[in-house]
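Everything below concerns the one structure shown next.
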Amino acid sequence: MQRITVPWVVYKLTGSSLWLGIAGFASQLPTFLFAPFAGVVVDRFNRYKLLFLTQTIAMAQAFALYIFYATGYISIPLIILLNTILGTVNAFDMPARQSLMVYLVEGKENLNNAIALNSSMVNLARLVGPSFAGIIIATSGESACFLINGVSYFFVIACLILMKLNLPKFNKSERHIFEELREGISYIKNHNALKYIIILLAIVSLIGMPYTVLLPVYSREILGGGAHIYGFLMGAVGTGALAGALYMASRNNAKGIGRYIPAACFIFGGALAVVSRVRNFYLAIPIIAIAGLGMVSETVTSNTLLQLYTEEEKRGRVMSFYTLAFTGMTPFGSLLAGTMAQFLGVSNALLVSGLIVITGGLLFLRKMPQMGEKARIYFEISSE
């Protein structure tokens, strides 16, 4: 709801698409800057307590938005500041949250289901949240959205309090943070499975996922529609993503799950390439849904394999690079997508994005035999 309401308020205050971009960039850039260091912090300290802290700060940010808007003191610099604070919090929150996942399930064989179910909830929220926010903005105003978001954190924090987790002891390290960061980078570089999964995810996040940024232009210039067409397209993305997450959650074990990564890239990239040539709304909707399915299948599978493959003492740092690849590429991907659409046209931009994602999947497929002995069960291949 907040992600929908904040841009609405920015545009309402300024009427400028430039300020919309600046506000969005401010919320996303901290993840790119701080995520690697956040991984070191996650490995050094109690992840549960860290998550409790990040959620508390995020709640304070949500209530600050409500108070400043309700009292009439809201301004663009203030929104950018609060967006930057939330982006910084998310840089630490995501690695901590992902690193806790393994302690929420009994047995690693259920980890894929847990991660996929978590993704299902995220995508369901993305389906329901914008519609809910639109209704509340129309009936009660923007401040009500900010207030509801702030109150919702009480339930999040209550759930954290009720959790009983058997976490390992975290020994505070005397080494410099940069030394531990280098150790994490070296660990990823020396394990081909981790390295190739993160590189491919970064490519998909940079080139493929920003296609949603182009959907407003696609709906207007290619399909000849307005806001309602755009709404249907975004709904199709969410529906496909939810279907992909639920399918991944239905798997009984992680054996051979690595093969879903290149397959998901072929589905995702192929759907983008096909929809770039489509000019009919009724054909575009199912293809966009397939793109959402492929996109989420790739990210869920990557997350699962990183969790299963990584040693416990390195988990925070590895998941921080997952966060960097998955979320940190977003502001640059959005900028790249807009630039390609400006010079190539939206159809050709979608086509190029799709072809690059397919190429990434092909290269990953070629590298699978080099994943190493430990990865054989996940990729069902013989190591070189």
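Each chain in the structure tokens gets a letter, A, B, ..., in the order shown, and its residues are numbered from 1; ligands are numbered from 1 in order too.
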
What are the nearest atom pairs, with distances in Å to one decimal, for all residues of range 1-77 of chain A that come at most 10 Å from range 134-137 of chain A, using only C-alpha atoms, set out by chain and rising residue number as CSV?
```
residue,atom,partner,partner_atom,distance
A:Met1,CA,A:Gly134,CA,8.4
A:Ile4,CA,A:Gly134,CA,8.2
A:Thr5,CA,A:Ile137,CA,7.9
A:Trp8,CA,A:Ile137,CA,9.5
```

Contacts of His228 in chain A within 12 Å, only C-alpha atoms, excl. fewer than 4 positions in-chain, as number ranges by chain: A: 131, 215-216, 219-220, 223-224, 232-235, 281

Next, write the just-selected residues to a file, as a PDB file, in the first residue's frame, keeping C-alpha atoms as the atom set.
```pdb
ATOM      1  CA  SER A 131      -6.256  -2.271  -5.226  1.00  0.00           C
ATOM      2  CA  LEU A 215       4.013  -1.658 -19.072  1.00  0.00           C
ATOM      3  CA  PRO A 216       2.355   1.791 -18.791  1.00  0.00           C
ATOM      4  CA  SER A 219      -0.484  -0.413 -22.589  1.00  0.00           C
ATOM      5  CA  ARG A 220      -0.889   3.055 -24.099  1.00  0.00           C
ATOM      6  CA  LEU A 223      -2.320  -1.771 -26.968  1.00  0.00           C
ATOM      7  CA  GLY A 224      -3.966   1.633 -27.325  1.00  0.00           C
ATOM      8  CA  PHE A 232      -5.045  -5.581 -16.043  1.00  0.00           C
ATOM      9  CA  LEU A 233      -1.458  -6.084 -17.195  1.00  0.00           C
ATOM     10  CA  MET A 234      -0.093  -5.608 -13.675  1.00  0.00           C
ATOM     11  CA  GLY A 235      -2.759  -7.971 -12.382  1.00  0.00           C
ATOM     12  CA  PHE A 281      -4.849  -7.046 -25.417  1.00  0.00           C
TER      13      PHE A 281
END
```

Surrounding residues of Ala337 in chain A excluding itself and chain neighbours under 3 positions, 12 Å, only C-alpha atoms, as a PyMOL selection string: chain A and resi 205-215+217+329-334+340-354

Using only C-alpha atoms, which residues sit within 6 Å of Gly316 in chain A once same-chain residues fewer than 5 positions away are excluded, as a VMD selection string? chain A and resid 39 42 to 43 95 99

For those residues, write N, CA and C atoms to a file as a PDB file, in the first residue's frame.
```
ATOM      1  N   GLY A  39      25.452  -7.958   4.968  1.00  0.00           N
ATOM      2  CA  GLY A  39      25.693  -9.390   5.116  1.00  0.00           C
ATOM      3  C   GLY A  39      26.697  -9.690   6.210  1.00  0.00           C
ATOM      4  N   VAL A  42      24.908  -9.264   9.477  1.00  0.00           N
ATOM      5  CA  VAL A  42      24.011 -10.396   9.726  1.00  0.00           C
ATOM      6  C   VAL A  42      24.792 -11.599  10.246  1.00  0.00           C
ATOM      7  N   ASP A  43      25.986 -11.836   9.717  1.00  0.00           N
ATOM      8  CA  ASP A  43      26.796 -12.964  10.172  1.00  0.00           C
ATOM      9  C   ASP A  43      27.430 -12.716  11.534  1.00  0.00           C
ATOM     10  N   PRO A  95      18.658  -9.541   3.995  1.00  0.00           N
ATOM     11  CA  PRO A  95      19.576 -10.636   4.326  1.00  0.00           C
ATOM     12  C   PRO A  95      19.254 -11.295   5.659  1.00  0.00           C
ATOM     13  N   SER A  99      18.166 -15.151   5.868  1.00  0.00           N
ATOM     14  CA  SER A  99      19.038 -16.029   6.636  1.00  0.00           C
ATOM     15  C   SER A  99      18.304 -16.744   7.769  1.00  0.00           C
TER      16      SER A  99
END
```

Pick from A:Gly87, A:Lys12, A:Gly141, A:Ala289, whichever lies nearest to Ile57 in chain A using only C-alpha atoms: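 Looking only at the distances to Ile57 in chain A, the closest residue turns out to be A:Gly87.
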
When you count only C-alpha atoms, which of these residues is closest to Ala96 in chain A: A:Leu147, A:Leu50, A:Ala284, A:Ala271?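 Of A:Leu147, A:Leu50, A:Ala284, A:Ala271, the one nearest Ala96 in chain A is A:Leu50, counting only C-alpha atoms.
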
Among range 165-320 of chain A, which ones does DSSP assign to helix (DSSP H, G or I) (computed from the backbone)? Answer as an MDAnalysis selection string. chainID A and resid 177:189 192:208 211:222 227:249 257:275 281:309 312:320

Now that the selection is made, can you save its residues with C-alpha atoms as a short mmCIF file (atom, residue, chain, number, x, y, z; two decimals), in the first residue's frame?
```cif
data_model
loop_
_atom_site.label_atom_id
_atom_site.label_comp_id
_atom_site.auth_asym_id
_atom_site.auth_seq_id
_atom_site.Cartn_x
_atom_site.Cartn_y
_atom_site.Cartn_z
CA ILE A 177 34.31 -5.49 8.42
CA PHE A 178 36.14 -5.17 5.08
CA GLU A 179 38.14 -8.31 5.82
CA GLU A 180 34.97 -10.29 6.42
CA LEU A 181 33.41 -8.77 3.32
CA ARG A 182 36.40 -9.92 1.25
CA GLU A 183 36.06 -13.36 2.80
CA GLY A 184 32.42 -13.51 1.71
CA ILE A 185 33.28 -12.42 -1.83
CA SER A 186 36.09 -15.00 -2.00
CA TYR A 187 33.71 -17.70 -0.74
CA ILE A 188 31.26 -16.95 -3.55
CA LYS A 189 34.01 -16.74 -6.19
CA ASN A 192 30.83 -21.95 -8.98
CA ALA A 193 27.25 -22.76 -8.05
CA LEU A 194 26.93 -19.65 -5.86
CA LYS A 195 28.82 -17.47 -8.33
CA TYR A 196 26.80 -18.41 -11.41
CA ILE A 197 23.43 -18.29 -9.62
CA ILE A 198 24.09 -14.75 -8.31
CA ILE A 199 25.46 -13.50 -11.65
CA LEU A 200 22.45 -14.83 -13.56
CA LEU A 201 20.04 -13.37 -11.00
CA ALA A 202 21.76 -9.99 -11.36
CA ILE A 203 21.37 -10.17 -15.15
CA VAL A 204 17.69 -11.10 -14.89
CA SER A 205 17.08 -8.33 -12.31
CA LEU A 206 18.92 -5.73 -14.38
CA ILE A 207 17.58 -6.64 -17.82
CA GLY A 208 14.40 -8.69 -17.39
CA TYR A 211 9.83 -4.83 -17.93
CA THR A 212 7.09 -3.79 -15.50
CA VAL A 213 8.40 -0.21 -15.78
CA LEU A 214 7.56 -0.32 -19.49
CA LEU A 215 4.01 -1.66 -19.07
CA PRO A 216 2.36 1.79 -18.79
CA VAL A 217 3.94 2.77 -22.12
CA TYR A 218 3.15 -0.64 -23.64
CA SER A 219 -0.48 -0.41 -22.59
CA ARG A 220 -0.89 3.05 -24.10
CA GLU A 221 1.29 3.02 -27.22
CA ILE A 222 1.07 -0.64 -28.27
CA ALA A 227 -4.99 3.11 -16.96
CA HIS A 228 -7.47 0.20 -16.86
CA ILE A 229 -5.40 -1.74 -19.43
CA TYR A 230 -2.28 -1.09 -17.38
CA GLY A 231 -4.11 -2.35 -14.29
CA PHE A 232 -5.04 -5.58 -16.04
CA LEU A 233 -1.46 -6.08 -17.19
CA MET A 234 -0.09 -5.61 -13.67
CA GLY A 235 -2.76 -7.97 -12.38
CA ALA A 236 -1.62 -10.55 -14.95
CA VAL A 237 1.99 -10.16 -13.76
CA GLY A 238 0.92 -10.77 -10.17
CA THR A 239 -1.30 -13.72 -11.08
CA GLY A 240 1.47 -15.41 -13.05
CA ALA A 241 3.99 -14.74 -10.30
CA LEU A 242 1.65 -16.20 -7.69
CA ALA A 243 1.06 -19.28 -9.85
CA GLY A 244 4.82 -19.75 -10.28
CA ALA A 245 5.45 -19.46 -6.54
CA LEU A 246 2.67 -21.94 -5.71
CA TYR A 247 4.02 -24.40 -8.27
CA MET A 248 7.49 -24.21 -6.73
CA ALA A 249 5.94 -24.69 -3.29
CA ILE A 257 15.71 -28.04 -8.62
CA GLY A 258 18.69 -26.33 -10.25
CA ARG A 259 17.37 -27.25 -13.69
CA TYR A 260 14.45 -24.90 -13.09
CA ILE A 261 16.80 -21.89 -13.26
CA PRO A 262 17.63 -22.02 -17.00
CA ALA A 263 14.11 -23.30 -17.77
CA ALA A 264 12.60 -20.31 -15.95
CA CYS A 265 14.88 -17.96 -17.92
CA PHE A 266 13.69 -19.49 -21.19
CA ILE A 267 10.05 -19.08 -20.13
CA PHE A 268 10.55 -15.53 -18.84
CA GLY A 269 12.70 -14.33 -21.73
CA GLY A 270 10.56 -16.10 -24.32
CA ALA A 271 7.39 -14.49 -22.97
CA LEU A 272 8.99 -11.02 -23.12
CA ALA A 273 10.16 -11.61 -26.69
CA VAL A 274 6.72 -12.84 -27.79
CA VAL A 275 4.72 -10.09 -26.06
CA PHE A 281 -4.85 -7.05 -25.42
CA TYR A 282 -6.41 -10.50 -25.06
CA LEU A 283 -3.23 -12.18 -26.28
CA ALA A 284 -0.96 -9.95 -24.21
CA ILE A 285 -2.61 -10.79 -20.87
CA PRO A 286 -1.77 -14.55 -20.76
CA ILE A 287 1.72 -13.95 -22.14
CA ILE A 288 2.44 -11.32 -19.49
CA ALA A 289 1.20 -13.80 -16.87
CA ILE A 290 3.64 -16.41 -18.21
CA ALA A 291 6.43 -13.82 -17.92
CA GLY A 292 5.50 -13.32 -14.26
CA LEU A 293 5.53 -17.08 -13.71
CA GLY A 294 9.01 -17.46 -15.22
CA MET A 295 10.38 -14.47 -13.33
CA VAL A 296 9.29 -15.72 -9.90
CA SER A 297 10.31 -19.33 -10.62
CA GLU A 298 13.85 -18.12 -11.35
CA THR A 299 14.13 -16.02 -8.18
CA VAL A 300 12.57 -18.64 -5.87
CA THR A 301 14.82 -21.39 -7.21
CA SER A 302 17.92 -19.19 -6.91
CA ASN A 303 17.03 -18.30 -3.32
CA THR A 304 16.46 -21.95 -2.41
CA LEU A 305 19.76 -23.15 -3.89
CA LEU A 306 21.76 -20.38 -2.23
CA GLN A 307 20.23 -21.29 1.13
CA LEU A 308 20.85 -25.03 0.70
CA TYR A 309 24.40 -24.66 -0.62
CA GLU A 312 25.97 -21.36 8.08
CA GLU A 313 28.75 -18.93 9.04
CA LYS A 314 28.67 -17.39 5.55
CA ARG A 315 24.89 -17.36 5.09
CA GLY A 316 24.35 -13.68 5.87
CA ARG A 317 27.02 -12.55 3.42
CA VAL A 318 25.80 -14.82 0.64
CA MET A 319 22.20 -13.71 1.12
CA SER A 320 23.33 -10.09 1.12
#
```

Given the choices A:Gly360, A:Pro77, A:Pro30, A:Pro130, which gets closest to Val89 in chain A if the distance is worked out from only C-alpha atoms? A:Pro30

If you count only C-alpha atoms, the residue of A:Leu29, A:Ala91, A:Leu160, A:Ile115 closest to Thr323 in chain A turns out to be A:Ala91

Option closest in space to Tyr322 in chain A, from A:Asn280, A:Gln2, A:Asn110, A:Gln98 [counting only C-alpha atoms]: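 Under the stated criterion, the closest residue is A:Gln98.
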
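Closest approach to Thr84 in chain A from the set A:Thr56, A:Ser250, A:Asn113, A:Ser27 is made by A:Ser27, with distances taken over only C-alpha atoms.
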
Gap from CA of Ala70 in chain A to CA of Ser143 in chain A - Å, one decimal: 5.8 Å

Atomic separation - CA of Glu142 in chain A relative to CA of Thr71 in chain A, Å: 12.3 Å
